[in-house]
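Next up, input.cif (mmCIF, C-alpha atoms):
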data_my_file
#
loop_
_atom_site.group_PDB
_atom_site.id
_atom_site.type_symbol
_atom_site.label_atom_id
_atom_site.label_comp_id
_atom_site.auth_asym_id
_atom_site.auth_seq_id
_atom_site.Cartn_x
_atom_site.Cartn_y
_atom_site.Cartn_z
ATOM 1 C CA MET N 1 263.840 -16.173 -147.382
ATOM 2 C CA LYS N 2 261.960 -15.881 -150.628
ATOM 3 C CA ASN N 3 259.396 -13.532 -149.105
ATOM 4 C CA ILE N 4 262.161 -11.317 -147.747
ATOM 5 C CA LEU N 5 263.674 -11.036 -151.189
ATOM 6 C CA ILE N 6 260.283 -10.041 -152.629
ATOM 7 C CA VAL N 7 259.851 -7.324 -150.022
ATOM 8 C CA ILE N 8 263.340 -5.990 -150.632
ATOM 9 C CA PHE N 9 262.776 -5.964 -154.394
ATOM 10 C CA THR N 10 259.442 -4.185 -154.020
ATOM 11 C CA PHE N 11 260.997 -1.567 -151.745
ATOM 12 C CA PHE N 12 263.762 -0.772 -154.176
ATOM 13 C CA SER N 13 261.232 -0.652 -157.051
ATOM 14 C CA ILE N 14 259.076 1.881 -155.200
ATOM 15 C CA ALA N 15 262.095 3.924 -154.209
ATOM 16 C CA SER N 16 263.323 3.893 -157.769
ATOM 17 C CA PHE N 17 259.870 4.927 -159.119
ATOM 18 C CA ALA N 18 259.606 7.705 -156.584
ATOM 19 C CA GLN N 19 263.053 8.924 -157.460
ATOM 20 C CA ASP N 20 262.234 8.874 -161.171
ATOM 21 C CA SER N 21 258.939 10.674 -160.520
ATOM 22 C CA GLU N 22 260.701 13.317 -158.441
ATOM 23 C CA GLU N 23 263.288 13.845 -161.099
ATOM 24 C CA GLN N 24 260.591 14.118 -163.763
ATOM 25 C CA ASN N 25 258.712 16.646 -161.630
ATOM 26 C CA LEU N 26 261.866 18.676 -161.148
ATOM 27 C CA LEU N 27 262.542 18.633 -164.868
ATOM 28 C CA SER N 28 258.929 19.689 -165.579
ATOM 29 C CA GLN N 29 259.140 22.478 -163.032
ATOM 30 C CA LYS N 30 262.442 23.667 -164.498
ATOM 31 C CA LYS N 31 260.904 23.668 -167.954
ATOM 32 C CA ALA N 32 257.904 25.630 -166.665
ATOM 33 C CA ASN N 33 260.215 28.152 -165.038
ATOM 34 C CA ASP N 34 262.089 28.586 -168.295
ATOM 35 C CA LEU N 35 258.832 29.148 -170.166
ATOM 36 C CA VAL N 36 257.689 31.723 -167.612
ATOM 37 C CA TYR N 37 261.040 33.497 -167.843
ATOM 38 C CA LYS N 38 260.801 33.563 -171.627
ATOM 39 C CA ALA N 39 257.235 34.893 -171.402
ATOM 40 C CA ASN N 40 258.333 37.622 -168.977
ATOM 41 C CA VAL N 41 260.940 38.779 -171.467
ATOM 42 C CA LEU N 42 258.294 38.919 -174.185
ATOM 43 C CA VAL N 43 256.065 40.995 -171.912
ATOM 44 C CA ASP N 44 258.887 43.455 -171.328
ATOM 45 C CA ASN N 45 259.169 43.774 -175.103
ATOM 46 C CA ASP N 46 255.380 44.317 -175.360
ATOM 47 C CA GLU N 47 255.020 41.075 -177.280
ATOM 48 C CA LEU N 48 251.932 40.153 -175.274
ATOM 49 C CA VAL N 49 250.466 37.614 -177.671
ATOM 50 C CA SER N 50 253.696 35.587 -177.789
ATOM 51 C CA ALA N 51 254.039 35.932 -174.024
ATOM 52 C CA GLU N 52 250.528 34.562 -173.533
ATOM 53 C CA MET N 53 251.464 31.459 -175.544
ATOM 54 C CA GLU N 54 254.556 30.821 -173.412
ATOM 55 C CA TYR N 55 252.587 31.264 -170.170
ATOM 56 C CA ARG N 56 250.017 28.760 -171.406
ATOM 57 C CA LYS N 57 252.821 26.268 -172.156
ATOM 58 C CA ALA N 58 254.162 26.721 -168.642
ATOM 59 C CA ILE N 59 250.715 26.097 -167.121
ATOM 60 C CA SER N 60 250.290 23.036 -169.346
ATOM 61 C CA GLU N 61 253.655 21.756 -168.111
ATOM 62 C CA GLN N 62 252.802 22.493 -164.475
ATOM 63 C CA PRO N 63 248.999 22.959 -163.988
ATOM 64 C CA ASN N 64 249.443 23.788 -160.330
ATOM 65 C CA TYR N 65 252.252 26.191 -160.991
ATOM 66 C CA ALA N 66 250.952 29.429 -159.461
ATOM 67 C CA VAL N 67 253.601 31.658 -161.033
ATOM 68 C CA GLY N 68 252.567 30.793 -164.584
ATOM 69 C CA ALA N 69 248.875 31.513 -163.975
ATOM 70 C CA TYR N 70 249.767 34.660 -162.028
ATOM 71 C CA ASN N 71 251.933 36.096 -164.797
ATOM 72 C CA LEU N 72 249.392 35.145 -167.462
ATOM 73 C CA GLY N 73 246.675 36.926 -165.456
ATOM 74 C CA ASN N 74 248.846 40.025 -165.242
ATOM 75 C CA SER N 75 249.405 39.838 -169.004
ATOM 76 C CA TYR N 76 245.646 39.830 -169.599
ATOM 77 C CA TYR N 77 245.282 42.715 -167.166
ATOM 78 C CA LYS N 78 247.738 44.837 -169.174
ATOM 79 C CA GLN N 79 245.789 44.048 -172.345
ATOM 80 C CA GLY N 80 242.552 45.175 -170.707
ATOM 81 C CA ASN N 81 241.077 41.668 -170.867
ATOM 82 C CA TYR N 82 239.791 41.772 -167.302
ATOM 83 C CA GLU N 83 237.576 38.695 -167.581
ATOM 84 C CA GLU N 84 240.478 36.383 -168.499
ATOM 85 C CA ALA N 85 242.759 38.160 -166.031
ATOM 86 C CA LEU N 86 240.302 37.533 -163.211
ATOM 87 C CA TYR N 87 239.993 33.867 -164.142
ATOM 88 C CA ARG N 88 243.801 33.314 -164.113
ATOM 89 C CA LEU N 89 244.356 35.239 -160.882
ATOM 90 C CA LYS N 90 241.674 33.224 -159.104
ATOM 91 C CA GLN N 91 243.420 30.124 -160.436
ATOM 92 C CA THR N 92 246.622 31.450 -158.894
ATOM 93 C CA ALA N 93 244.956 31.976 -155.524
ATOM 94 C CA ARG N 94 243.696 28.386 -155.530
ATOM 95 C CA HIS N 95 247.116 26.873 -156.303
ATOM 96 C CA ALA N 96 249.217 29.281 -154.256
ATOM 97 C CA THR N 97 251.307 27.489 -151.602
ATOM 98 C CA THR N 98 252.803 30.479 -149.805
ATOM 99 C CA LYS N 99 251.319 33.556 -148.172
ATOM 100 C CA ASP N 100 253.292 35.764 -150.536
ATOM 101 C CA GLU N 101 251.743 34.069 -153.575
ATOM 102 C CA LYS N 102 248.232 34.381 -152.070
ATOM 103 C CA HIS N 103 248.860 38.007 -151.160
ATOM 104 C CA ARG N 104 249.926 38.874 -154.706
ATOM 105 C CA ALA N 105 247.004 36.971 -156.240
ATOM 106 C CA PHE N 106 244.318 38.625 -154.051
ATOM 107 C CA HIS N 107 245.899 42.060 -154.463
ATOM 108 C CA ASN N 108 245.680 41.852 -158.242
ATOM 109 C CA ILE N 109 242.199 40.315 -158.061
ATOM 110 C CA GLY N 110 241.177 43.466 -156.179
ATOM 111 C CA ASN N 111 242.687 45.635 -158.926
ATOM 112 C CA VAL N 112 240.737 43.796 -161.633
ATOM 113 C CA LEU N 113 237.471 44.113 -159.687
ATOM 114 C CA MET N 114 238.047 47.836 -159.239
ATOM 115 C CA GLN N 115 238.399 48.169 -163.013
ATOM 116 C CA ASN N 116 235.043 46.412 -163.323
ATOM 117 C CA LYS N 117 233.475 48.869 -160.793
ATOM 118 C CA GLN N 118 232.820 45.970 -158.419
ATOM 119 C CA CYS N 119 233.952 47.945 -155.391
ATOM 120 C CA LYS N 120 232.409 45.770 -152.697
ATOM 121 C CA GLU N 121 234.002 42.588 -154.101
ATOM 122 C CA ALA N 122 237.319 44.423 -154.586
ATOM 123 C CA ALA N 123 237.345 45.476 -150.925
ATOM 124 C CA GLU N 124 236.913 41.816 -149.898
ATOM 125 C CA ALA N 125 239.813 40.801 -152.178
ATOM 126 C CA PHE N 126 242.122 43.451 -150.704
ATOM 127 C CA LYS N 127 241.075 42.350 -147.237
ATOM 128 C CA SER N 128 242.122 38.771 -148.091
ATOM 129 C CA ALA N 129 245.448 40.089 -149.387
ATOM 130 C CA LEU N 130 246.043 41.935 -146.090
ATOM 131 C CA ARG N 131 245.393 38.738 -144.157
ATOM 132 C CA ASN N 132 248.393 37.214 -145.931
ATOM 133 C CA ASN N 133 250.552 40.339 -145.722
ATOM 134 C CA PRO N 134 249.270 42.969 -143.241
ATOM 135 C CA SER N 135 252.326 45.189 -143.746
ATOM 136 C CA ASP N 136 251.709 45.990 -147.427
ATOM 137 C CA ASP N 137 250.839 49.721 -147.526
ATOM 138 C CA GLU N 138 249.775 49.628 -151.157
ATOM 139 C CA THR N 139 247.201 46.918 -150.439
ATOM 140 C CA ARG N 140 245.966 48.855 -147.396
ATOM 141 C CA TYR N 141 245.583 52.023 -149.501
ATOM 142 C CA ASN N 142 243.711 50.162 -152.248
ATOM 143 C CA TYR N 143 241.478 48.591 -149.609
ATOM 144 C CA ALA N 144 240.534 52.054 -148.282
ATOM 145 C CA LEU N 145 239.697 53.264 -151.803
ATOM 146 C CA ALA N 146 237.616 50.190 -152.536
ATOM 147 C CA LYS N 147 235.739 50.500 -149.232
ATOM 148 C CA GLU N 148 234.921 54.163 -149.870
ATOM 149 C CA CYS N 149 233.802 53.338 -153.412
ATOM 150 C CA ALA N 150 231.586 50.536 -152.106
ATOM 151 C CA GLU N 151 229.932 52.911 -149.617
ATOM 152 C CA GLN N 152 229.242 55.455 -152.377
ATOM 153 C CA GLN N 153 227.733 52.780 -154.577
ATOM 154 C CA GLN N 154 225.572 51.616 -151.690
ATOM 155 C CA ASP N 155 224.370 55.184 -151.085
ATOM 156 C CA GLU N 156 223.553 55.531 -154.779
ATOM 157 C CA GLU N 157 221.640 52.270 -154.726
ATOM 158 C CA ASP N 158 219.725 53.380 -151.632
ATOM 159 C CA GLN N 159 218.920 56.706 -153.292
ATOM 160 C CA GLN N 160 217.752 54.934 -156.428
ATOM 161 C CA ASP N 161 215.569 52.627 -154.334
ATOM 162 C CA GLU N 162 214.152 55.643 -152.496
ATOM 163 C CA ASN N 163 213.455 57.451 -155.767
ATOM 164 C CA LYS N 164 211.868 54.320 -157.138
ATOM 165 C CA ASP N 165 209.662 54.036 -154.046
ATOM 166 C CA GLU N 166 208.648 57.694 -154.436
ATOM 167 C CA GLU N 167 207.881 57.142 -158.107
ATOM 168 C CA ASN N 168 205.826 54.091 -157.232
ATOM 169 C CA GLN N 169 204.007 56.090 -154.564
ATOM 170 C CA ASP N 170 203.352 58.934 -157.025
ATOM 171 C CA ASP N 171 202.153 56.429 -159.604
ATOM 172 C CA GLN N 172 199.845 54.882 -157.007
ATOM 173 C CA GLU N 173 198.483 58.294 -156.000
ATOM 174 C CA ASN N 174 197.933 59.209 -159.646
ATOM 175 C CA GLN N 175 196.186 55.897 -160.190
ATOM 176 C CA ASP N 176 194.012 56.464 -157.110
ATOM 177 C CA ASN N 177 193.141 59.968 -158.327
ATOM 178 C CA GLN N 178 192.331 58.627 -161.767
ATOM 179 C CA ASP N 179 190.157 55.909 -160.257
ATOM 180 C CA GLN N 180 188.361 58.524 -158.151
ATOM 181 C CA GLU N 181 187.797 60.749 -161.201
ATOM 182 C CA ASP N 182 186.524 57.796 -163.187
ATOM 183 C CA LYS N 183 184.210 56.898 -160.319
ATOM 184 C CA GLU N 184 182.898 60.481 -160.105
ATOM 185 C CA ASP N 185 182.424 60.651 -163.885
ATOM 186 C CA LYS N 186 180.532 57.379 -163.810
ATOM 187 C CA LYS N 187 178.372 58.609 -160.917
ATOM 188 C CA GLU N 188 177.695 61.862 -162.778
ATOM 189 C CA GLN N 189 176.711 59.956 -165.904
ATOM 190 C CA GLU N 190 174.407 57.729 -163.866
ATOM 191 C CA ASP N 191 172.816 60.781 -162.185
ATOM 192 C CA GLN N 192 172.400 62.435 -165.581
ATOM 193 C CA GLY N 193 170.803 59.277 -166.925
ATOM 194 C CA ASP N 194 168.426 59.146 -163.931
ATOM 195 C CA GLN N 195 167.540 62.814 -164.458
ATOM 196 C CA GLU N 196 166.812 62.189 -168.099
ATOM 197 C CA GLU N 197 164.591 59.267 -167.135
ATOM 198 C CA ASP N 198 162.762 61.470 -164.606
ATOM 199 C CA ASN N 199 162.297 64.204 -167.201
ATOM 200 C CA LYS N 200 161.076 61.633 -169.668
ATOM 201 C CA ASP N 201 158.556 60.318 -167.152
ATOM 202 C CA GLU N 202 157.401 63.864 -166.339
ATOM 203 C CA ASN N 203 156.967 64.636 -170.019
ATOM 204 C CA SER N 204 154.989 61.427 -170.423
ATOM 205 C CA GLU N 205 152.740 62.421 -167.505
ATOM 206 C CA ASP N 206 152.266 65.947 -168.931
ATOM 207 C CA GLU N 207 151.318 64.515 -172.300
ATOM 208 C CA GLY N 208 148.885 62.154 -170.576
ATOM 209 C CA ASP N 209 147.292 65.041 -168.672
ATOM 210 C CA LYS N 210 147.119 67.060 -171.871
ATOM 211 C CA ASP N 211 145.435 64.220 -173.687
ATOM 212 C CA LYS N 212 143.074 63.793 -170.761
ATOM 213 C CA ASN N 213 142.185 67.507 -170.723
ATOM 214 C CA GLU N 214 141.648 67.457 -174.466
ATOM 215 C CA GLY N 215 139.376 64.466 -173.979
ATOM 216 C CA GLU N 216 137.431 66.271 -171.260
ATOM 217 C CA ASP N 217 137.090 69.337 -173.471
ATOM 218 C CA LYS N 218 135.520 67.097 -176.071
ATOM 219 C CA GLU N 219 132.851 65.942 -173.577
ATOM 220 C CA ASP N 220 129.794 67.869 -172.491
ATOM 221 C CA GLU N 221 128.490 68.267 -168.944
ATOM 222 C CA ASP N 222 126.880 64.807 -169.061
ATOM 223 C CA GLY N 223 130.143 63.163 -170.100
ATOM 224 C CA ASN N 224 128.979 62.630 -173.661
ATOM 225 C CA PRO N 225 131.311 63.494 -176.538
ATOM 226 C CA LYS N 226 130.739 66.945 -177.849
ATOM 227 C CA ASP N 227 129.733 67.549 -181.430
ATOM 228 C CA GLU N 228 132.683 69.422 -182.824
ATOM 229 C CA ASN N 229 130.613 70.418 -185.850
ATOM 230 C CA GLN N 230 127.994 71.836 -183.515
ATOM 231 C CA ASP N 231 130.572 73.849 -181.700
ATOM 232 C CA GLN N 232 131.951 74.941 -185.001
ATOM 233 C CA GLY N 233 128.438 75.865 -186.145
ATOM 234 C CA GLU N 234 127.806 77.883 -183.019
ATOM 235 C CA GLY N 235 130.982 79.684 -183.595
ATOM 236 C CA ASP N 236 130.000 80.428 -187.166
ATOM 237 C CA LYS N 237 126.607 81.574 -185.923
ATOM 238 C CA ASP N 238 128.177 83.997 -183.521
ATOM 239 C CA LYS N 239 130.299 85.259 -186.342
ATOM 240 C CA LYS N 240 127.212 85.758 -188.465
ATOM 241 C CA GLU N 241 125.266 87.493 -185.659
ATOM 242 C CA ASN N 242 128.111 89.659 -184.656
ATOM 243 C CA PRO N 243 130.186 90.111 -187.763
ATOM 244 C CA GLN N 244 133.417 91.926 -187.254
ATOM 245 C CA PRO N 245 133.759 95.197 -189.201
ATOM 246 C CA GLN N 246 136.348 95.276 -191.906
ATOM 247 C CA PRO N 247 138.743 98.191 -192.131
ATOM 248 C CA GLY N 248 137.043 101.234 -193.832
ATOM 249 C CA GLN N 249 133.492 99.827 -193.307
ATOM 250 C CA LEU N 250 130.694 100.735 -190.784
ATOM 251 C CA SER N 251 129.771 98.193 -188.220
ATOM 252 C CA PRO N 252 126.159 97.008 -188.021
ATOM 253 C CA GLN N 253 125.636 98.975 -184.824
ATOM 254 C CA GLN N 254 126.909 102.146 -186.477
ATOM 255 C CA ILE N 255 124.575 101.570 -189.424
ATOM 256 C CA LYS N 256 121.665 100.974 -187.019
ATOM 257 C CA ASN N 257 122.391 104.176 -185.120
ATOM 258 C CA LEU N 258 122.663 106.094 -188.348
ATOM 259 C CA LEU N 259 119.283 104.763 -189.568
ATOM 260 C CA GLU N 260 117.650 105.622 -186.255
ATOM 261 C CA ALA N 261 119.065 109.106 -186.452
ATOM 262 C CA MET N 262 117.712 109.486 -189.998
ATOM 263 C CA ASN N 263 114.299 108.222 -188.893
ATOM 264 C CA ASP N 264 114.220 110.688 -186.009
ATOM 265 C CA GLN N 265 115.146 113.505 -188.325
ATOM 266 C CA GLU N 266 112.471 112.433 -190.822
ATOM 267 C CA GLN N 267 109.904 112.194 -188.039
ATOM 268 C CA LYS N 268 110.697 115.696 -186.913
ATOM 269 C CA VAL N 269 110.260 117.022 -190.431
ATOM 270 C CA GLN N 270 106.947 115.181 -190.747
ATOM 271 C CA ASP N 271 105.721 116.543 -187.432
ATOM 272 C CA LYS N 272 106.578 120.050 -188.512
ATOM 273 C CA ILE N 273 104.686 119.629 -191.754
ATOM 274 C CA ASN N 274 101.655 118.293 -189.946
ATOM 275 C CA ALA N 275 101.692 121.214 -187.529
ATOM 276 C CA GLN N 276 101.631 123.698 -190.334
ATOM 277 C CA LYS N 277 98.672 121.916 -191.897
ATOM 278 C CA GLU N 278 96.710 122.073 -188.696
ATOM 279 C CA LYS N 279 97.158 125.836 -188.457
ATOM 280 C CA GLY N 280 95.433 126.408 -191.837
ATOM 281 C CA ALA N 281 92.459 124.135 -191.183
ATOM 282 C CA LYS N 282 89.109 125.161 -189.754
ATOM 283 C CA VAL N 283 88.577 124.584 -186.158
ATOM 284 C CA GLN N 284 85.436 122.885 -185.084
ATOM 285 C CA THR N 285 83.976 124.149 -181.889
ATOM 286 C CA GLU N 286 81.867 122.183 -179.647
ATOM 287 C CA LYS N 287 78.144 122.841 -179.764
ATOM 288 C CA ASP N 288 76.773 124.812 -176.961
ATOM 289 C CA TRP N 289 73.897 123.018 -175.547
#
Please re-express this file's structure in structure tokens.
Amino acid sequence: MKNILIVIFTFFSIASFAQDSEEQNLLSQKKANDLVYKANVLVDNDELVSAEMEYRKAISEQPNYAVGAYNLGNSYYKQGNYEEALYRLKQTARHATTKDEKHRAFHNIGNVLMQNKQCKEAAEAFKSALRNNPSDDETRYNYALAKECAEQQQDEEDQQDENKDEENQDDQENQDNQDQEDKEDKKEQEDQGDQEEDNKDENSEDEGDKDKNEGEDKEDEDGNPKDENQDQGEGDKDKKENPQPQPGQLSPQQIKNLLEAMNDQEQKVQDKINAQKEKGAKVQTEKDW
């Protein structure tokens, strides 16, 4: 009997606690609704800062209250604070309990992503919104715009990748050409260096042959060194024996010829004188025996 009384008491205690908890939850939800309503009025009056404070109070009162987060996200969206708007709308989508709430949350998420030029992600958000409400024409229209935008962005990215590949290819070709030119320049320098070495060796050989020929010129027929003074003396001797005439002077040969001519002329005169003497002299005749 005692145990039965304990069970009955426990049952009524739990029922009473549950009832109190339900009533408290209803009161909290009512308070959150009032705060959201007040915030909506402030938004209509363009008092966005005050409205944001009331929305935050509503969310604090009911953290899983999707309407409060949804309206706060829309308030941020109107202010152009897309980062905070996106955060609150995603919060709404997580706590949404009905398809209508999810549809509204994903639709506005798509709008925020379009403002951020994230077309591919926006198209996925609109697609999620259509899953929860396929008959919404506005969502379907926004989805088409986002899909087209995503395709254009993809084409631009592909074109940029193609241009980048072409630039890389051009850079590689230029590098290859530069490497080839450097290789040719190096080869040309090496060939020039080899040619200079060959010319240097040839010059060394020519100088050696010249020295050798000069050495041979300094030797006589027997291989003995020649007396340079002797050669010089012979040269001086030849100069003495055959002196070169100076300008305006007679050469030795001319002087010799002139003397011979004078001697011949003198001889002729002498012969003529002697002939005249013989004509005046007595002639001896031979005795006649």
- Task: Decode the PyMOL selection byres ((chain N and resi 141-151) around 7) for the given file into explicit residues and return them as a ChimeraX atom specification.
- Result: /N:119-120,122-123,126-127,137-140,152-155
- Restricting the calculation to only C-alpha atoms, which member of N:Asp44, N:Lys99, N:Arg104, N:Ser60 is positioned closest to Lys78 (chain N)?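 Nearest to Lys78 (chain N): N:Asp44.
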- Message: One number please: CA of Leu89 (chain N) to CA of Leu72 (chain N), in Å, one decimal.
- Response: 8.3 Å
Please evaluate the PyMOL selection byres ((chain N and resi 53) around 12) against the structure above and give the resulting residues as a PDB file with C-alpha atoms, in the frame of the given file.
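Wrote it out as part-v3.pdb, contents follow:
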ATOM      1  CA  LEU N  35     258.832  29.148-170.166  1.00  0.00           C
ATOM      2  CA  VAL N  36     257.689  31.723-167.612  1.00  0.00           C
ATOM      3  CA  LYS N  38     260.801  33.563-171.627  1.00  0.00           C
ATOM      4  CA  ALA N  39     257.235  34.893-171.402  1.00  0.00           C
ATOM      5  CA  ASN N  40     258.333  37.622-168.977  1.00  0.00           C
ATOM      6  CA  LEU N  42     258.294  38.919-174.185  1.00  0.00           C
ATOM      7  CA  VAL N  43     256.065  40.995-171.912  1.00  0.00           C
ATOM      8  CA  GLU N  47     255.020  41.075-177.280  1.00  0.00           C
ATOM      9  CA  LEU N  48     251.932  40.153-175.274  1.00  0.00           C
ATOM     10  CA  VAL N  49     250.466  37.614-177.671  1.00  0.00           C
ATOM     11  CA  SER N  50     253.696  35.587-177.789  1.00  0.00           C
ATOM     12  CA  ALA N  51     254.039  35.932-174.024  1.00  0.00           C
ATOM     13  CA  GLU N  52     250.528  34.562-173.533  1.00  0.00           C
ATOM     14  CA  GLU N  54     254.556  30.821-173.412  1.00  0.00           C
ATOM     15  CA  TYR N  55     252.587  31.264-170.170  1.00  0.00           C
ATOM     16  CA  ARG N  56     250.017  28.760-171.406  1.00  0.00           C
ATOM     17  CA  LYS N  57     252.821  26.268-172.156  1.00  0.00           C
ATOM     18  CA  ALA N  58     254.162  26.721-168.642  1.00  0.00           C
ATOM     19  CA  ILE N  59     250.715  26.097-167.121  1.00  0.00           C
ATOM     20  CA  SER N  60     250.290  23.036-169.346  1.00  0.00           C
ATOM     21  CA  GLY N  68     252.567  30.793-164.584  1.00  0.00           C
ATOM     22  CA  ALA N  69     248.875  31.513-163.975  1.00  0.00           C
ATOM     23  CA  ASN N  71     251.933  36.096-164.797  1.00  0.00           C
ATOM     24  CA  LEU N  72     249.392  35.145-167.462  1.00  0.00           C
ATOM     25  CA  SER N  75     249.405  39.838-169.004  1.00  0.00           C
ATOM     26  CA  TYR N  76     245.646  39.830-169.599  1.00  0.00           C
TER      27      TYR N  76
END
- Message: Can you spell out as a PyMOL selection string the set of residues that the PyMOL selection byres ((chain N and resi 109) around 12) selects in the structure I just provided?
- Response: chain N and resi 70+73-74+77+82-93+102-108+110-116+118-119+121-129+139+142-143
Please save C-alpha atoms of the selected residues as an mmCIF file, keeping the file's coordinate frame.
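Output below, filename part_28.cif:
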data_model
loop_
_atom_site.group_PDB
_atom_site.id
_atom_site.type_symbol
_atom_site.label_atom_id
_atom_site.label_comp_id
_atom_site.auth_asym_id
_atom_site.auth_seq_id
_atom_site.Cartn_x
_atom_site.Cartn_y
_atom_site.Cartn_z
ATOM 1 C CA TYR N 70 249.767 34.660 -162.028
ATOM 2 C CA GLY N 73 246.675 36.926 -165.456
ATOM 3 C CA ASN N 74 248.846 40.025 -165.242
ATOM 4 C CA TYR N 77 245.282 42.715 -167.166
ATOM 5 C CA TYR N 82 239.791 41.772 -167.302
ATOM 6 C CA GLU N 83 237.576 38.695 -167.581
ATOM 7 C CA GLU N 84 240.478 36.383 -168.499
ATOM 8 C CA ALA N 85 242.759 38.160 -166.031
ATOM 9 C CA LEU N 86 240.302 37.533 -163.211
ATOM 10 C CA TYR N 87 239.993 33.867 -164.142
ATOM 11 C CA ARG N 88 243.801 33.314 -164.113
ATOM 12 C CA LEU N 89 244.356 35.239 -160.882
ATOM 13 C CA LYS N 90 241.674 33.224 -159.104
ATOM 14 C CA GLN N 91 243.420 30.124 -160.436
ATOM 15 C CA THR N 92 246.622 31.450 -158.894
ATOM 16 C CA ALA N 93 244.956 31.976 -155.524
ATOM 17 C CA LYS N 102 248.232 34.381 -152.070
ATOM 18 C CA HIS N 103 248.860 38.007 -151.160
ATOM 19 C CA ARG N 104 249.926 38.874 -154.706
ATOM 20 C CA ALA N 105 247.004 36.971 -156.240
ATOM 21 C CA PHE N 106 244.318 38.625 -154.051
ATOM 22 C CA HIS N 107 245.899 42.060 -154.463
ATOM 23 C CA ASN N 108 245.680 41.852 -158.242
ATOM 24 C CA GLY N 110 241.177 43.466 -156.179
ATOM 25 C CA ASN N 111 242.687 45.635 -158.926
ATOM 26 C CA VAL N 112 240.737 43.796 -161.633
ATOM 27 C CA LEU N 113 237.471 44.113 -159.687
ATOM 28 C CA MET N 114 238.047 47.836 -159.239
ATOM 29 C CA GLN N 115 238.399 48.169 -163.013
ATOM 30 C CA ASN N 116 235.043 46.412 -163.323
ATOM 31 C CA GLN N 118 232.820 45.970 -158.419
ATOM 32 C CA CYS N 119 233.952 47.945 -155.391
ATOM 33 C CA GLU N 121 234.002 42.588 -154.101
ATOM 34 C CA ALA N 122 237.319 44.423 -154.586
ATOM 35 C CA ALA N 123 237.345 45.476 -150.925
ATOM 36 C CA GLU N 124 236.913 41.816 -149.898
ATOM 37 C CA ALA N 125 239.813 40.801 -152.178
ATOM 38 C CA PHE N 126 242.122 43.451 -150.704
ATOM 39 C CA LYS N 127 241.075 42.350 -147.237
ATOM 40 C CA SER N 128 242.122 38.771 -148.091
ATOM 41 C CA ALA N 129 245.448 40.089 -149.387
ATOM 42 C CA THR N 139 247.201 46.918 -150.439
ATOM 43 C CA ASN N 142 243.711 50.162 -152.248
ATOM 44 C CA TYR N 143 241.478 48.591 -149.609
#
